[in-house]
Amino acid sequence: MAYLNGVQIGTASGFTSWYSFSATGSLFKAGINTLQFIVTNYKLSGGNPTGIRAEFTSSNVNPVPVPAAIWLFGSSLLALGVLKRRVI
């Protein structure tokens, strides 16, 4: 089973084929979202393979901007490096 923020978005059974899960924008929340897969491993006579492969084929997200503080911190480190080089 697959859950997005506690809401079931799909179920699968067996291991002989691929299963697709999808979610609409209404299930996503602003901030952190949780994607959870529940996998049950049953003992079978021919083995008991268990695995999961998750592929995200498309998404519609905006890039997160780097805060100005990071640029300020980086430029100050560069300036310290230049000053140290001149002192030696």
# chains A, B, ... in the order shown; residues from 1 in each chain; ligands from 1
>>> select_by_dssp(residues="chain A", states="strand (DSSP E or B)", output="list of chain:residue names")
A:Ala2, A:Tyr3, A:Leu4, A:Val7, A:Gln8, A:Ile9, A:Gly10, A:Leu35, A:Gln36, A:Phe37
>>> select_by_dssp(residues="chain A", states="helix (DSSP H, G or I)", output="ChimeraX atom specification")
/A:25-27,68-87
>>> write_last_selection(atoms="N, CA and C atoms", output="mmCIF file, in the first residue's frame")
data_model
loop_
_atom_site.group_PDB
_atom_site.id
_atom_site.type_symbol
_atom_site.label_atom_id
_atom_site.label_comp_id
_atom_site.auth_asym_id
_atom_site.auth_seq_id
_atom_site.Cartn_x
_atom_site.Cartn_y
_atom_site.Cartn_z
ATOM 1 N N GLY A 25 -2.844 17.130 -6.707
ATOM 2 C CA GLY A 25 -2.364 18.276 -5.940
ATOM 3 C C GLY A 25 -3.109 18.511 -4.649
ATOM 4 N N SER A 26 -4.368 18.056 -4.569
ATOM 5 C CA SER A 26 -5.144 18.309 -3.356
ATOM 6 C C SER A 26 -4.636 17.506 -2.160
ATOM 7 N N LEU A 27 -3.874 16.427 -2.410
ATOM 8 C CA LEU A 27 -3.347 15.621 -1.309
ATOM 9 C C LEU A 27 -2.050 16.188 -0.743
ATOM 10 N N ALA A 68 19.541 34.984 0.896
ATOM 11 C CA ALA A 68 20.625 35.955 0.735
ATOM 12 C C ALA A 68 21.722 35.727 1.761
ATOM 13 N N ALA A 69 21.384 35.167 2.905
ATOM 14 C CA ALA A 69 22.383 34.929 3.946
ATOM 15 C C ALA A 69 23.458 33.962 3.470
ATOM 16 N N ILE A 70 23.088 32.989 2.647
ATOM 17 C CA ILE A 70 24.075 32.036 2.126
ATOM 18 C C ILE A 70 25.079 32.768 1.241
ATOM 19 N N TRP A 71 24.593 33.666 0.387
ATOM 20 C CA TRP A 71 25.499 34.422 -0.483
ATOM 21 C C TRP A 71 26.402 35.333 0.341
ATOM 22 N N LEU A 72 25.845 35.941 1.365
ATOM 23 C CA LEU A 72 26.632 36.809 2.234
ATOM 24 C C LEU A 72 27.709 36.004 2.958
ATOM 25 N N PHE A 73 27.357 34.856 3.469
ATOM 26 C CA PHE A 73 28.309 33.993 4.165
ATOM 27 C C PHE A 73 29.421 33.533 3.220
ATOM 28 N N GLY A 74 29.048 33.117 2.014
ATOM 29 C CA GLY A 74 30.041 32.679 1.029
ATOM 30 C C GLY A 74 31.002 33.783 0.643
ATOM 31 N N SER A 75 30.494 34.996 0.442
ATOM 32 C CA SER A 75 31.368 36.108 0.064
ATOM 33 C C SER A 75 32.285 36.506 1.216
ATOM 34 N N SER A 76 31.801 36.379 2.452
ATOM 35 C CA SER A 76 32.665 36.692 3.589
ATOM 36 C C SER A 76 33.781 35.660 3.728
ATOM 37 N N LEU A 77 33.503 34.391 3.461
ATOM 38 C CA LEU A 77 34.550 33.371 3.488
ATOM 39 C C LEU A 77 35.592 33.642 2.407
ATOM 40 N N LEU A 78 35.140 34.034 1.242
ATOM 41 C CA LEU A 78 36.055 34.368 0.155
ATOM 42 C C LEU A 78 36.932 35.561 0.548
ATOM 43 N N ALA A 79 36.332 36.577 1.137
ATOM 44 C CA ALA A 79 37.095 37.756 1.560
ATOM 45 C C ALA A 79 38.121 37.388 2.625
ATOM 46 N N LEU A 80 37.755 36.529 3.568
ATOM 47 C CA LEU A 80 38.709 36.083 4.586
ATOM 48 C C LEU A 80 39.869 35.329 3.957
ATOM 49 N N GLY A 81 39.585 34.510 2.965
ATOM 50 C CA GLY A 81 40.642 33.781 2.270
ATOM 51 C C GLY A 81 41.597 34.714 1.555
ATOM 52 N N VAL A 82 41.050 35.750 0.909
ATOM 53 C CA VAL A 82 41.889 36.728 0.207
ATOM 54 C C VAL A 82 42.733 37.502 1.212
ATOM 55 N N LEU A 83 42.142 37.938 2.325
ATOM 56 C CA LEU A 83 42.881 38.684 3.340
ATOM 57 C C LEU A 83 43.988 37.841 3.960
ATOM 58 N N LYS A 84 43.711 36.576 4.225
ATOM 59 C CA LYS A 84 44.721 35.708 4.818
ATOM 60 C C LYS A 84 45.886 35.510 3.857
ATOM 61 N N ARG A 85 45.588 35.379 2.591
ATOM 62 C CA ARG A 85 46.628 35.200 1.582
ATOM 63 C C ARG A 85 47.541 36.440 1.496
ATOM 64 N N ARG A 86 46.965 37.621 1.654
ATOM 65 C CA ARG A 86 47.756 38.856 1.585
ATOM 66 C C ARG A 86 48.616 39.049 2.830
ATOM 67 N N VAL A 87 48.139 38.597 3.974
ATOM 68 C CA VAL A 87 48.868 38.756 5.241
ATOM 69 C C VAL A 87 50.128 37.891 5.237
#
>>> atom_distance(atom1="atom CA of Phe37 of chain A", atom2="atom CA of Met1 of chain A")
5.7 Å
>>> closest_residue(among="A:Glu55, A:Thr11, A:Asn5, A:Pro67", to="Ile38 of chain A", atoms="only C-alpha atoms")
A:Thr11
>>> residues_around(residues="Gly6 of chain A", least_positions_apart="4", cutoff="10 Å", atoms="only C-alpha atoms", output="short mmCIF file (atom, residue, chain, number, x, y, z; two decimals) with C-alpha atoms, in the first residue's frame")
data_model
loop_
_atom_site.label_atom_id
_atom_site.label_comp_id
_atom_site.auth_asym_id
_atom_site.auth_seq_id
_atom_site.Cartn_x
_atom_site.Cartn_y
_atom_site.Cartn_z
CA ALA A 2 1.11 3.54 -0.60
CA LEU A 27 -3.35 15.62 -1.31
CA ASN A 33 4.84 15.80 2.76
CA THR A 34 5.20 12.15 3.78
CA LEU A 35 5.16 9.28 1.26
CA GLN A 36 4.88 5.90 2.98
#
>>> atom_distance(atom1="atom CA of Thr24 of chain A", atom2="atom CA of Val66 of chain A")
27.5 Å
